[in-house]
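data.cif (mmCIF, C-alpha atoms and all ligand atoms)
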data_upload
loop_
_atom_site.label_atom_id
_atom_site.label_comp_id
_atom_site.auth_asym_id
_atom_site.auth_seq_id
_atom_site.Cartn_x
_atom_site.Cartn_y
_atom_site.Cartn_z
CA MET A 1 75.34 -13.90 -12.38
CA SER A 2 74.91 -11.17 -15.04
CA GLU A 3 74.10 -7.51 -14.55
CA PRO A 4 70.83 -6.87 -12.73
CA VAL A 5 67.61 -5.92 -14.46
CA LEU A 6 66.26 -2.54 -13.33
CA VAL A 7 62.59 -1.50 -13.30
CA ILE A 8 62.13 2.25 -12.87
CA LEU A 9 58.89 3.36 -11.19
CA MET A 10 57.74 6.91 -10.43
CA PRO A 11 54.53 6.30 -8.46
CA PRO A 12 52.26 9.00 -7.09
CA GLY A 13 52.83 9.43 -3.36
CA GLY A 14 50.91 7.75 -0.59
CA ASP A 15 49.66 4.63 -2.34
CA GLY A 16 51.17 1.28 -3.21
CA LEU A 17 51.87 0.34 -6.80
CA SER A 18 49.38 0.67 -9.66
CA ASN A 19 48.44 -2.49 -11.58
CA ALA A 20 50.73 -1.38 -14.40
CA ALA A 21 53.67 -0.90 -12.03
CA ALA A 22 53.13 -4.31 -10.43
CA GLU A 23 52.93 -5.88 -13.90
CA ALA A 24 56.19 -4.15 -14.85
CA LEU A 25 57.82 -6.00 -11.95
CA GLY A 26 56.45 -9.23 -13.45
CA ALA A 27 58.08 -8.33 -16.78
CA GLY A 28 61.32 -7.46 -14.95
CA SER A 29 61.29 -10.78 -13.17
CA ARG A 30 60.80 -12.63 -16.50
CA LEU A 31 63.66 -10.71 -18.12
CA ALA A 32 65.93 -11.28 -15.11
CA GLY A 33 65.10 -15.00 -15.26
CA LEU A 34 66.49 -15.22 -18.82
CA SER A 35 70.03 -14.53 -17.61
CA ASP A 36 69.87 -15.50 -13.95
CA ALA A 37 70.11 -11.81 -13.04
CA SER A 38 68.82 -10.11 -9.92
CA LEU A 39 65.88 -7.71 -10.04
CA VAL A 40 66.35 -4.13 -8.85
CA CYS A 41 63.57 -1.56 -8.66
CA ALA A 42 64.07 2.19 -8.45
CA VAL A 43 61.14 3.91 -6.75
CA ILE A 44 61.27 7.65 -7.35
CA GLY A 45 58.66 9.96 -5.84
CA GLN A 46 57.49 11.61 -2.65
CA ASP A 47 55.93 9.65 0.20
CA ILE A 48 56.74 6.33 -1.45
CA ALA A 49 57.06 4.05 1.59
CA ALA A 50 53.98 1.99 0.61
CA ALA A 51 55.23 1.57 -2.95
CA THR A 52 58.71 0.56 -1.73
CA THR A 53 57.25 -2.05 0.62
CA GLU A 54 55.05 -3.44 -2.12
CA ALA A 55 57.99 -3.71 -4.55
CA ALA A 56 59.86 -5.77 -1.94
CA GLU A 57 56.79 -7.92 -1.28
CA ARG A 58 56.45 -8.56 -5.02
CA GLY A 59 59.85 -10.19 -5.24
CA VAL A 60 62.37 -7.41 -5.97
CA ASP A 61 65.86 -8.18 -4.62
CA ARG A 62 66.98 -4.60 -4.11
CA VAL A 63 65.12 -1.30 -4.01
CA LEU A 64 66.72 2.07 -4.76
CA ALA A 65 64.45 4.66 -3.17
CA ALA A 66 64.46 8.40 -3.87
CA ASP A 67 61.85 9.90 -1.56
CA GLU A 68 62.03 13.69 -1.84
CA GLU A 69 59.64 16.57 -2.35
CA ARG A 70 61.24 17.46 -5.68
CA PHE A 71 60.15 14.06 -7.01
CA ALA A 72 56.45 14.63 -6.24
CA ARG A 73 55.86 14.90 -9.98
CA PRO A 74 59.15 14.20 -11.71
CA GLY A 75 59.27 14.94 -15.40
CA GLY A 76 61.65 16.21 -18.06
CA ASP A 77 65.23 16.81 -16.96
CA LEU A 78 64.64 15.69 -13.37
CA ALA A 79 63.16 12.35 -14.43
CA VAL A 80 66.07 11.76 -16.82
CA ALA A 81 68.63 12.60 -14.11
CA ALA A 82 66.93 10.38 -11.52
CA ALA A 83 66.59 7.48 -13.95
CA ALA A 84 70.23 7.84 -15.07
CA ALA A 85 71.34 7.82 -11.42
CA ALA A 86 69.31 4.63 -10.87
CA VAL A 87 70.90 2.90 -13.87
CA GLU A 88 74.39 3.86 -12.70
CA GLN A 89 73.82 2.96 -9.05
CA SER A 90 72.23 -0.38 -9.91
CA GLY A 91 74.80 -1.36 -12.54
CA ALA A 92 71.90 -2.60 -14.70
CA ARG A 93 72.15 -3.13 -18.43
CA ASN A 94 68.50 -3.88 -19.11
CA VAL A 95 66.17 -1.16 -17.90
CA LEU A 96 62.37 -1.35 -17.99
CA LEU A 97 60.00 1.62 -17.96
CA LEU A 98 56.22 1.59 -17.62
CA GLY A 99 54.44 1.87 -20.96
CA ASN A 100 52.92 5.31 -20.53
CA ALA A 101 53.22 8.67 -22.23
CA ASP A 102 56.03 9.72 -19.86
CA ALA A 103 58.14 6.76 -21.04
CA LEU A 104 57.98 8.01 -24.62
CA GLU A 105 59.95 11.05 -23.50
CA LEU A 106 62.06 9.45 -20.79
CA GLY A 107 63.17 6.31 -22.66
CA PRO A 108 64.95 7.87 -25.63
CA ARG A 109 66.42 10.68 -23.52
CA LEU A 110 67.77 8.23 -20.95
CA ALA A 111 69.28 5.99 -23.62
CA ALA A 112 70.89 8.98 -25.34
CA ARG A 113 72.37 10.22 -22.08
CA LEU A 114 73.86 6.81 -21.24
CA ASP A 115 74.90 5.97 -24.81
CA GLY A 116 72.49 3.04 -24.91
CA ALA A 117 69.57 1.84 -27.00
CA SER A 118 65.88 2.44 -26.50
CA LEU A 119 62.74 0.64 -27.68
CA MET A 120 59.13 1.40 -26.80
CA GLY A 121 56.02 -0.78 -26.87
CA VAL A 122 57.95 -3.87 -25.75
CA ILE A 123 55.83 -7.00 -25.37
CA ASP A 124 58.32 -9.86 -25.10
CA PHE A 125 62.00 -10.77 -24.75
CA SER A 126 64.15 -13.80 -25.48
CA GLY A 127 67.86 -14.59 -25.47
CA SER A 128 70.13 -12.83 -23.04
CA GLY A 129 73.43 -11.05 -22.59
CA ASP A 130 74.77 -9.62 -25.82
CA ASP A 131 72.00 -11.13 -27.88
CA LEU A 132 68.79 -9.97 -26.32
CA GLU A 133 65.87 -10.26 -28.71
CA VAL A 134 62.92 -7.99 -28.12
CA THR A 135 59.46 -7.97 -29.68
CA ALA A 136 57.65 -4.65 -29.73
CA ALA A 137 54.22 -3.49 -30.86
CA VAL A 138 54.34 -1.06 -33.77
CA PHE A 139 51.79 0.89 -35.86
CA GLY A 140 49.61 1.48 -32.83
CA GLY A 141 49.64 -2.20 -31.88
CA ALA A 142 48.53 -3.41 -35.31
CA ALA A 143 51.80 -5.30 -35.92
CA HIS A 144 54.76 -6.73 -34.02
CA ALA A 145 58.41 -6.14 -34.87
CA ALA A 146 61.42 -8.16 -33.72
CA TYR A 147 64.70 -6.48 -32.71
CA ARG A 148 68.11 -7.77 -31.63
CA LEU A 149 69.93 -5.55 -29.15
CA SER A 150 73.67 -5.68 -28.76
CA GLY A 151 76.43 -3.31 -27.75
CA PRO A 152 77.70 -2.44 -24.29
CA GLY A 153 75.33 0.42 -23.41
CA PRO A 154 72.14 0.03 -21.39
CA ARG A 155 68.95 -1.07 -23.15
CA VAL A 156 66.01 1.10 -22.14
CA LEU A 157 62.78 -0.76 -22.82
CA GLY A 158 59.38 0.90 -22.50
CA LEU A 159 56.79 -1.81 -21.84
CA ALA A 160 53.48 -2.14 -23.67
CA PRO A 161 50.58 -2.46 -21.22
CA ALA A 162 49.78 -5.79 -19.55
CA VAL A 163 52.71 -7.76 -20.95
CA ALA A 164 53.16 -9.76 -17.76
CA GLU A 165 51.22 -10.87 -14.70
CA ALA A 166 52.05 -9.00 -11.51
CA PRO A 167 54.10 -11.26 -9.21
CA GLU A 168 52.14 -12.54 -6.20
CA ARG A 169 52.53 -10.36 -3.14
CA GLU A 170 54.22 -12.06 -0.19
CA ALA A 171 53.32 -10.09 2.94
CA GLY A 172 56.33 -9.26 5.09
CA ARG A 173 58.92 -10.12 2.41
CA THR A 174 61.82 -7.67 2.56
CA ALA A 175 64.50 -6.50 0.14
CA ASP A 176 67.70 -4.49 0.45
CA ILE A 177 66.53 -0.89 0.48
CA GLU A 178 69.09 1.75 -0.38
CA ALA A 179 68.79 5.51 -0.87
CA LEU A 180 69.11 6.57 -4.49
CA THR A 181 71.35 9.60 -4.81
CA VAL A 182 70.26 12.04 -7.49
CA PRO A 183 72.31 15.20 -8.11
CA ALA A 184 70.67 18.64 -8.13
CA VAL A 185 69.07 19.37 -11.49
CA GLU A 186 68.16 22.66 -13.08
CA SER A 187 64.93 21.71 -14.89
CA ARG A 188 64.31 23.50 -18.14
CA VAL A 189 60.60 22.63 -18.09
CA THR A 190 58.38 22.70 -15.01
CA VAL A 191 54.84 21.38 -14.65
CA GLU A 192 52.65 24.40 -13.89
CA GLN A 193 49.33 22.60 -13.72
CA ALA A 194 48.81 18.88 -13.39
CA PRO A 195 46.06 17.31 -15.50
CA SER A 196 42.89 16.97 -13.43
CA ALA A 197 42.35 13.47 -14.82
CA ASP A 198 44.90 12.33 -12.23
CA GLU A 199 42.25 12.85 -9.54
CA GLY A 200 39.82 10.09 -8.59
CA PRO A 201 39.85 6.52 -9.93
CA ARG A 202 41.94 6.02 -13.03
CA LEU A 203 40.50 4.54 -16.22
CA GLU A 204 43.83 2.74 -16.70
CA ASP A 205 43.30 0.83 -13.44
CA ALA A 206 39.63 -0.10 -13.97
CA ARG A 207 38.93 -3.85 -14.09
CA VAL A 208 35.84 -3.25 -16.26
CA VAL A 209 35.61 -0.60 -19.01
CA VAL A 210 32.49 0.00 -21.10
CA SER A 211 33.22 2.16 -24.15
CA GLY A 212 30.94 3.77 -26.68
CA GLY A 213 31.43 4.97 -30.23
CA ARG A 214 29.55 6.60 -33.05
CA GLY A 215 27.07 3.72 -33.13
CA LEU A 216 25.45 5.40 -30.12
CA LYS A 217 23.96 7.80 -32.70
CA ASP A 218 23.57 10.72 -30.29
CA GLY A 219 25.53 12.30 -27.43
CA ASP A 220 22.71 11.75 -24.94
CA ASN A 221 23.03 8.00 -25.44
CA TYR A 222 26.46 8.07 -23.83
CA ASP A 223 24.46 7.87 -20.59
CA ARG A 224 23.75 4.23 -21.49
CA ILE A 225 27.50 3.59 -21.47
CA ARG A 226 27.81 5.24 -18.05
CA GLU A 227 24.86 3.26 -16.69
CA LEU A 228 26.28 -0.10 -17.78
CA ALA A 229 29.76 0.82 -16.50
CA GLU A 230 28.27 1.69 -13.13
CA ALA A 231 26.15 -1.46 -13.00
CA LEU A 232 29.29 -3.55 -13.58
CA GLY A 233 31.42 -1.58 -11.11
CA GLY A 234 33.57 -0.27 -13.95
CA MET A 235 34.33 2.98 -15.75
CA PRO A 236 33.12 4.50 -19.04
CA GLY A 237 35.35 4.94 -22.06
CA ALA A 238 34.91 6.41 -25.53
CA SER A 239 36.24 6.36 -29.06
CA ARG A 240 37.96 9.46 -30.29
CA ALA A 241 35.17 10.06 -32.78
CA ILE A 242 32.65 10.75 -30.03
CA VAL A 243 35.13 12.72 -27.94
CA ASP A 244 35.74 14.92 -30.98
CA ASP A 245 31.95 15.28 -31.35
CA GLY A 246 31.65 16.39 -27.72
CA TRP A 247 29.58 13.34 -26.64
CA ALA A 248 32.19 12.18 -24.10
CA PRO A 249 34.95 14.01 -22.20
CA ALA A 250 38.55 13.76 -23.43
CA PRO A 251 39.90 11.96 -20.31
CA GLU A 252 37.59 9.05 -21.19
CA GLN A 253 39.07 8.52 -24.66
CA VAL A 254 40.65 5.12 -25.21
CA GLY A 255 43.29 4.59 -27.87
CA LEU A 256 46.55 5.67 -29.38
CA THR A 257 45.97 9.30 -28.48
CA GLY A 258 43.90 8.51 -25.37
CA LYS A 259 44.20 6.13 -22.44
CA ILE A 260 45.65 2.64 -22.70
CA VAL A 261 43.50 0.28 -20.68
CA THR A 262 43.95 -3.39 -19.81
CA PRO A 263 40.82 -4.38 -17.90
CA ASP A 264 39.54 -7.89 -17.28
CA LEU A 265 36.47 -6.97 -19.34
CA TYR A 266 36.26 -4.40 -22.16
CA ILE A 267 32.85 -3.83 -23.73
CA ALA A 268 32.92 -1.87 -27.01
CA ALA A 269 29.49 -0.64 -28.08
CA GLY A 270 29.06 0.92 -31.52
CA ILE A 271 32.83 1.09 -32.06
CA SER A 272 34.24 0.01 -35.44
CA GLY A 273 37.60 -1.21 -34.08
CA ALA A 274 40.01 1.12 -35.90
CA SER A 275 43.65 0.26 -35.14
CA GLN A 276 44.08 3.56 -33.30
CA HIS A 277 41.26 2.63 -30.92
CA MET A 278 42.47 -0.94 -30.48
CA ALA A 279 45.95 0.33 -29.59
CA GLY A 280 44.35 1.41 -26.32
CA CYS A 281 42.39 -1.73 -25.43
CA SER A 282 43.57 -4.78 -27.38
CA ASN A 283 45.41 -6.20 -24.35
CA SER A 284 42.18 -6.41 -22.36
CA ARG A 285 41.62 -9.89 -20.97
CA VAL A 286 38.13 -10.31 -22.50
CA ILE A 287 36.70 -8.05 -25.22
CA VAL A 288 32.97 -8.01 -25.95
CA ALA A 289 31.83 -6.12 -29.06
CA ILE A 290 28.32 -4.93 -29.81
CA ASN A 291 27.96 -3.80 -33.42
CA THR A 292 25.25 -3.95 -36.07
CA ASP A 293 27.82 -4.70 -38.79
CA PRO A 294 29.01 -8.33 -38.63
CA ASP A 295 32.06 -7.36 -40.73
CA ALA A 296 33.18 -4.56 -38.40
CA PRO A 297 36.94 -4.91 -37.64
CA ILE A 298 36.21 -4.96 -33.90
CA PHE A 299 35.05 -8.57 -34.30
CA ASN A 300 38.63 -9.54 -35.26
CA TYR A 301 39.67 -8.64 -31.72
CA ALA A 302 36.55 -9.57 -29.75
CA HIS A 303 36.32 -12.76 -27.71
CA TYR A 304 32.52 -12.44 -27.72
CA GLY A 305 30.40 -10.55 -30.23
CA ILE A 306 26.82 -9.36 -30.30
CA VAL A 307 25.58 -8.35 -33.75
CA ASP A 308 22.76 -6.05 -32.76
CA ASP A 309 21.76 -2.47 -32.03
CA CYS A 310 23.79 -1.31 -29.03
CA LEU A 311 20.97 1.04 -28.00
CA GLU A 312 18.86 -2.02 -27.29
CA VAL A 313 21.59 -4.28 -25.93
CA LEU A 314 23.14 -1.78 -23.48
CA PRO A 315 20.01 -1.29 -21.28
CA GLU A 316 19.47 -5.05 -21.27
CA LEU A 317 23.05 -5.68 -20.09
CA THR A 318 22.64 -2.95 -17.47
CA ARG A 319 19.52 -4.66 -16.16
CA LEU A 320 21.36 -8.01 -16.00
CA GLY A 321 24.39 -6.38 -14.36
CA LEU A 322 22.24 -4.76 -11.67
CA GLU A 323 20.47 -8.07 -11.02
CA LEU A 324 23.79 -9.86 -10.75
CA ARG A 325 25.09 -7.32 -8.26
CA ALA A 326 21.92 -7.57 -6.24
CA GLY A 327 22.50 -11.35 -6.15
CA ARG A 328 19.28 -12.19 -7.95
C1 LIG A 401 46.58 9.86 -35.51
C2 LIG A 401 45.23 9.28 -35.11
C3 LIG A 401 45.01 8.97 -33.79
C4 LIG A 401 43.79 8.44 -33.40
N1 LIG A 401 43.61 8.12 -32.09
C5 LIG A 401 42.45 7.51 -31.72
C6 LIG A 401 42.23 7.11 -30.38
O1 LIG A 401 43.05 7.32 -29.49
N2 LIG A 401 41.07 6.50 -30.09
C7 LIG A 401 40.10 6.24 -31.03
O2 LIG A 401 39.05 5.67 -30.68
N3 LIG A 401 40.29 6.63 -32.29
C8 LIG A 401 41.41 7.28 -32.66
N4 LIG A 401 41.55 7.70 -33.95
C9 LIG A 401 40.37 7.64 -34.83
C10 LIG A 401 40.12 6.27 -35.43
O3 LIG A 401 40.87 6.10 -36.61
C11 LIG A 401 38.62 6.07 -35.76
O4 LIG A 401 38.23 7.10 -36.63
C12 LIG A 401 37.71 6.10 -34.55
O5 LIG A 401 38.18 5.18 -33.58
C13 LIG A 401 36.30 5.69 -34.97
O6 LIG A 401 35.42 5.81 -33.92
P1 LIG A 401 34.10 4.93 -33.85
O7 LIG A 401 34.46 3.49 -33.91
O8 LIG A 401 33.31 5.42 -32.70
O9 LIG A 401 33.30 5.40 -35.15
P2 LIG A 401 33.06 4.69 -36.54
O10 LIG A 401 34.32 4.27 -37.18
O11 LIG A 401 32.18 5.60 -37.31
O12 LIG A 401 32.27 3.35 -36.19
C14 LIG A 401 30.97 3.29 -35.69
C15 LIG A 401 30.59 1.82 -35.60
O13 LIG A 401 29.32 1.74 -35.00
C16 LIG A 401 28.58 0.70 -35.66
N5 LIG A 401 27.16 0.99 -35.45
C17 LIG A 401 26.38 1.90 -36.07
N6 LIG A 401 25.14 1.91 -35.52
C18 LIG A 401 25.16 0.99 -34.53
C19 LIG A 401 24.20 0.56 -33.58
N7 LIG A 401 22.98 1.09 -33.53
N8 LIG A 401 24.57 -0.41 -32.69
C20 LIG A 401 25.80 -0.96 -32.72
N9 LIG A 401 26.73 -0.57 -33.60
C21 LIG A 401 26.43 0.40 -34.48
C22 LIG A 401 29.02 0.77 -37.11
O14 LIG A 401 28.81 -0.47 -37.74
C23 LIG A 401 30.51 1.10 -36.94
O15 LIG A 401 31.29 -0.10 -36.88
C24 LIG A 401 42.76 8.23 -34.36
C25 LIG A 401 43.00 8.54 -35.70
C26 LIG A 401 44.22 9.07 -36.08
C27 LIG A 401 44.45 9.38 -37.53
#

As structure tokens, how would this structure be written, given the file I've shared?
Ligand SMILES: Cc1cc2nc3c(=O)[nH]c(=O)nc-3n(C[C@H](O)[C@H](O)[C@H](O)COP(=O)(O)OP(=O)(O)OC[C@H]3O[C@@H](n4cnc5c(N)ncnc54)[C@H](O)[C@@H]3O)c2cc1C
Amino acid sequence: MSEPVLVILMPPGGDGLSNAAAEALGAGSRLAGLSDASLVCAVIGQDIAAATTEAAERGVDRVLAADEERFARPGGDLAVAAAAAAVEQSGARNVLLLGNADALELGPRLAARLDGASLMGVIDFSGSGDDLEVTAAVFGGAAHAAYRLSGPGPRVLGLAPAVAEAPEREAGRTADIEALTVPAVESRVTVEQAPSADEGPRLEDARVVVSGGRGLKDGDNYDRIRELAEALGGMPGASRAIVDDGWAPAPEQVGLTGKIVTPDLYIAAGISGASQHMAGCSNSRVIVAINTDPDAPIFNYAHYGIVDDCLEVLPELTRLGLELRAGR
């Protein structure tokens, strides 16, 4: 059996795993399967018992758990030290990180510390051992690049969103759980104030997202996005253009410089489909576009398209959504 594959998770305390974290375990399991390796998961945080149990129930062979107050919001030097300790304790060569903004900092720093290689935006792997081939999304998801990774150091791979299905949960399944030992760290940067967007439901976890763009014509019309999102039990999103115009709040921006979402249903109303927007939603299971321009780039990504005025279509969809929920 070759070296284990390690998935590093830093979940918020109290809850189980997010969809993205569970999907990362699916990616880890696929990568481990390529070389008949075992799957190890490091869970680093505070009050992480539920997350640790869920990792075991989703098929991990061994869990390294660091459950301490100092990991309530690990970042910077502390996150690098904890992740490095997990790589060393697990003996892993292939290391997977969740595809979020934190990974963009953690991945390269971790690889540099351990004299390894790092790649972000990873969507697929093939081969194994010394000849691992990795495909990654580049240019904001507009293109894919292929890489071959060799050399003895660890490979730190930051996953693109939704690259694998979460493994089925098997209630009561157990794994070897071991304390992860992380040395004391003098952090050079501390988080003074956490972003308030962390409170309440997260756009990244929504199963339905309804987003609006400049085709809404006016800031007040963003209410139509909110109404449809609510009718479908989802959350509202926005293009950067209308966030910049003050029509929608920044935490609702989807895209390269906003949130990356992977819902079952993404409705884009009055959004052109610029690559920077699509970088945040192109992995949605089903994309529905509403746009008056039949040549708008969004239709290259959409599974279903409505060529019409979104100001007329949105209220109609809201009415249908409400009827559906009421069981009529
Ligand atoms: C470094 C960088 C990072 C960026 N990051 C992001 C990001 O994270 N997220 C993001 O969204 N953008 C981002 N952008 C901006 C991006 O390039 C686009 O400018 C932006 O996504 C366009 O927003 P939009 O589709 O709402 O507006 P537009 O491009 O103006 O498109 C409006 C669309 O609405 C359609 N329309 C008009 N009237 C109607 C109507 N009545 N009904 C239906 N459709 C109608 C039009 O046909 C058009 O397709 C970034 C850009 C840069 C350079």

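For Glu168 in chain A, the list of residues within 9 Å, based on only C-alpha atoms and with local chain neighbours fewer than 6 positions off taken out, reads Glu57, Arg58 and Gly59 of chain A.
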
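Taking CA of Ala145 in chain A and CA of Ile8 in chain A as endpoints, the distance between them is 23.8 Å.
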
Find the residues of chain A that sit at most 8 Å from ligand LIG 401 (chain A); for each, write down the nearest two atoms and how far apart they are in Å, to one decimal. Count only C-alpha atoms and all ligand atoms. Sort by chain, then by number going up, and give it as JSON lines.
{"residue": "A:Gly212", "atom": "CA", "partner": "A:LIG401", "partner_atom": "O8", "distance": 6.7}
{"residue": "A:Gly213", "atom": "CA", "partner": "A:LIG401", "partner_atom": "O8", "distance": 3.1}
{"residue": "A:Arg214", "atom": "CA", "partner": "A:LIG401", "partner_atom": "O8", "distance": 4.0}
{"residue": "A:Gly215", "atom": "CA", "partner": "A:LIG401", "partner_atom": "C17", "distance": 3.5}
{"residue": "A:Leu216", "atom": "CA", "partner": "A:LIG401", "partner_atom": "N7", "distance": 6.0}
{"residue": "A:Lys217", "atom": "CA", "partner": "A:LIG401", "partner_atom": "N6", "distance": 6.6}
{"residue": "A:Ala238", "atom": "CA", "partner": "A:LIG401", "partner_atom": "O2", "distance": 6.6}
{"residue": "A:Ser239", "atom": "CA", "partner": "A:LIG401", "partner_atom": "O2", "distance": 3.3}
{"residue": "A:Arg240", "atom": "CA", "partner": "A:LIG401", "partner_atom": "C7", "distance": 3.9}
{"residue": "A:Ala241", "atom": "CA", "partner": "A:LIG401", "partner_atom": "O6", "distance": 4.4}
{"residue": "A:Ile242", "atom": "CA", "partner": "A:LIG401", "partner_atom": "O8", "distance": 6.0}
{"residue": "A:Gln253", "atom": "CA", "partner": "A:LIG401", "partner_atom": "N2", "distance": 6.1}
{"residue": "A:Val254", "atom": "CA", "partner": "A:LIG401", "partner_atom": "N2", "distance": 5.1}
{"residue": "A:Gly255", "atom": "CA", "partner": "A:LIG401", "partner_atom": "O1", "distance": 3.2}
{"residue": "A:Leu256", "atom": "CA", "partner": "A:LIG401", "partner_atom": "O1", "distance": 3.9}
{"residue": "A:Thr257", "atom": "CA", "partner": "A:LIG401", "partner_atom": "O1", "distance": 3.7}
{"residue": "A:Gly258", "atom": "CA", "partner": "A:LIG401", "partner_atom": "O1", "distance": 4.4}
{"residue": "A:Lys259", "atom": "CA", "partner": "A:LIG401", "partner_atom": "O1", "distance": 7.2}
{"residue": "A:Ala269", "atom": "CA", "partner": "A:LIG401", "partner_atom": "C20", "distance": 5.9}
{"residue": "A:Gly270", "atom": "CA", "partner": "A:LIG401", "partner_atom": "N9", "distance": 3.5}
{"residue": "A:Ile271", "atom": "CA", "partner": "A:LIG401", "partner_atom": "O7", "distance": 3.4}
{"residue": "A:Ser272", "atom": "CA", "partner": "A:LIG401", "partner_atom": "O15", "distance": 3.3}
{"residue": "A:Gly273", "atom": "CA", "partner": "A:LIG401", "partner_atom": "O7", "distance": 5.7}
{"residue": "A:Ala274", "atom": "CA", "partner": "A:LIG401", "partner_atom": "O5", "distance": 5.0}
{"residue": "A:Ser275", "atom": "CA", "partner": "A:LIG401", "partner_atom": "O3", "distance": 6.6}
{"residue": "A:Gln276", "atom": "CA", "partner": "A:LIG401", "partner_atom": "C5", "distance": 4.6}
{"residue": "A:His277", "atom": "CA", "partner": "A:LIG401", "partner_atom": "O2", "distance": 3.8}
{"residue": "A:Met278", "atom": "CA", "partner": "A:LIG401", "partner_atom": "O2", "distance": 7.4}
{"residue": "A:Ala279", "atom": "CA", "partner": "A:LIG401", "partner_atom": "O1", "distance": 7.6}
{"residue": "A:Gly280", "atom": "CA", "partner": "A:LIG401", "partner_atom": "O1", "distance": 6.8}
{"residue": "A:Ile290", "atom": "CA", "partner": "A:LIG401", "partner_atom": "C20", "distance": 5.5}
{"residue": "A:Asn291", "atom": "CA", "partner": "A:LIG401", "partner_atom": "N9", "distance": 3.5}
{"residue": "A:Thr292", "atom": "CA", "partner": "A:LIG401", "partner_atom": "N9", "distance": 4.4}
{"residue": "A:Asp293", "atom": "CA", "partner": "A:LIG401", "partner_atom": "O14", "distance": 4.5}
{"residue": "A:Pro294", "atom": "CA", "partner": "A:LIG401", "partner_atom": "O14", "distance": 7.9}
{"residue": "A:Ala296", "atom": "CA", "partner": "A:LIG401", "partner_atom": "O15", "distance": 5.1}
{"residue": "A:Pro297", "atom": "CA", "partner": "A:LIG401", "partner_atom": "O15", "distance": 7.5}
{"residue": "A:Ile298", "atom": "CA", "partner": "A:LIG401", "partner_atom": "O15", "distance": 7.5}
{"residue": "A:Val307", "atom": "CA", "partner": "A:LIG401", "partner_atom": "C20", "distance": 7.5}
{"residue": "A:Asp308", "atom": "CA", "partner": "A:LIG401", "partner_atom": "N8", "distance": 5.9}
{"residue": "A:Asp309", "atom": "CA", "partner": "A:LIG401", "partner_atom": "N8", "distance": 3.5}
{"residue": "A:Cys310", "atom": "CA", "partner": "A:LIG401", "partner_atom": "N8", "distance": 3.8}
{"residue": "A:Leu311", "atom": "CA", "partner": "A:LIG401", "partner_atom": "N7", "distance": 5.9}

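Residues surrounding Val208 in chain A within 8 Å are Ala229, Leu232, Gly233, Gly234, Met235, Pro263, Asp264, Leu265 and Tyr266 of chain A [only C-alpha atoms; sequence separation below 3 positions excluded].
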
Given all atoms listed in the file as the counted atoms, nearest of A:Leu106, A:Ala85, A:Cys281, A:Leu322 to Glu230 in chain A: A:Leu322

Excluding range 87-100 of chain A and its own-chain neighbours fewer than 5 positions away, which residues fall within 7 Å of it when counting all atoms listed in the file? Please give them as number ranges by chain. A: 3-8, 21, 24, 28, 121, 153-161

What separation in Å, quoted to one decimal, exists between CA of Ala86 in chain A and CA of Pro12 in chain A? 18.0 Å
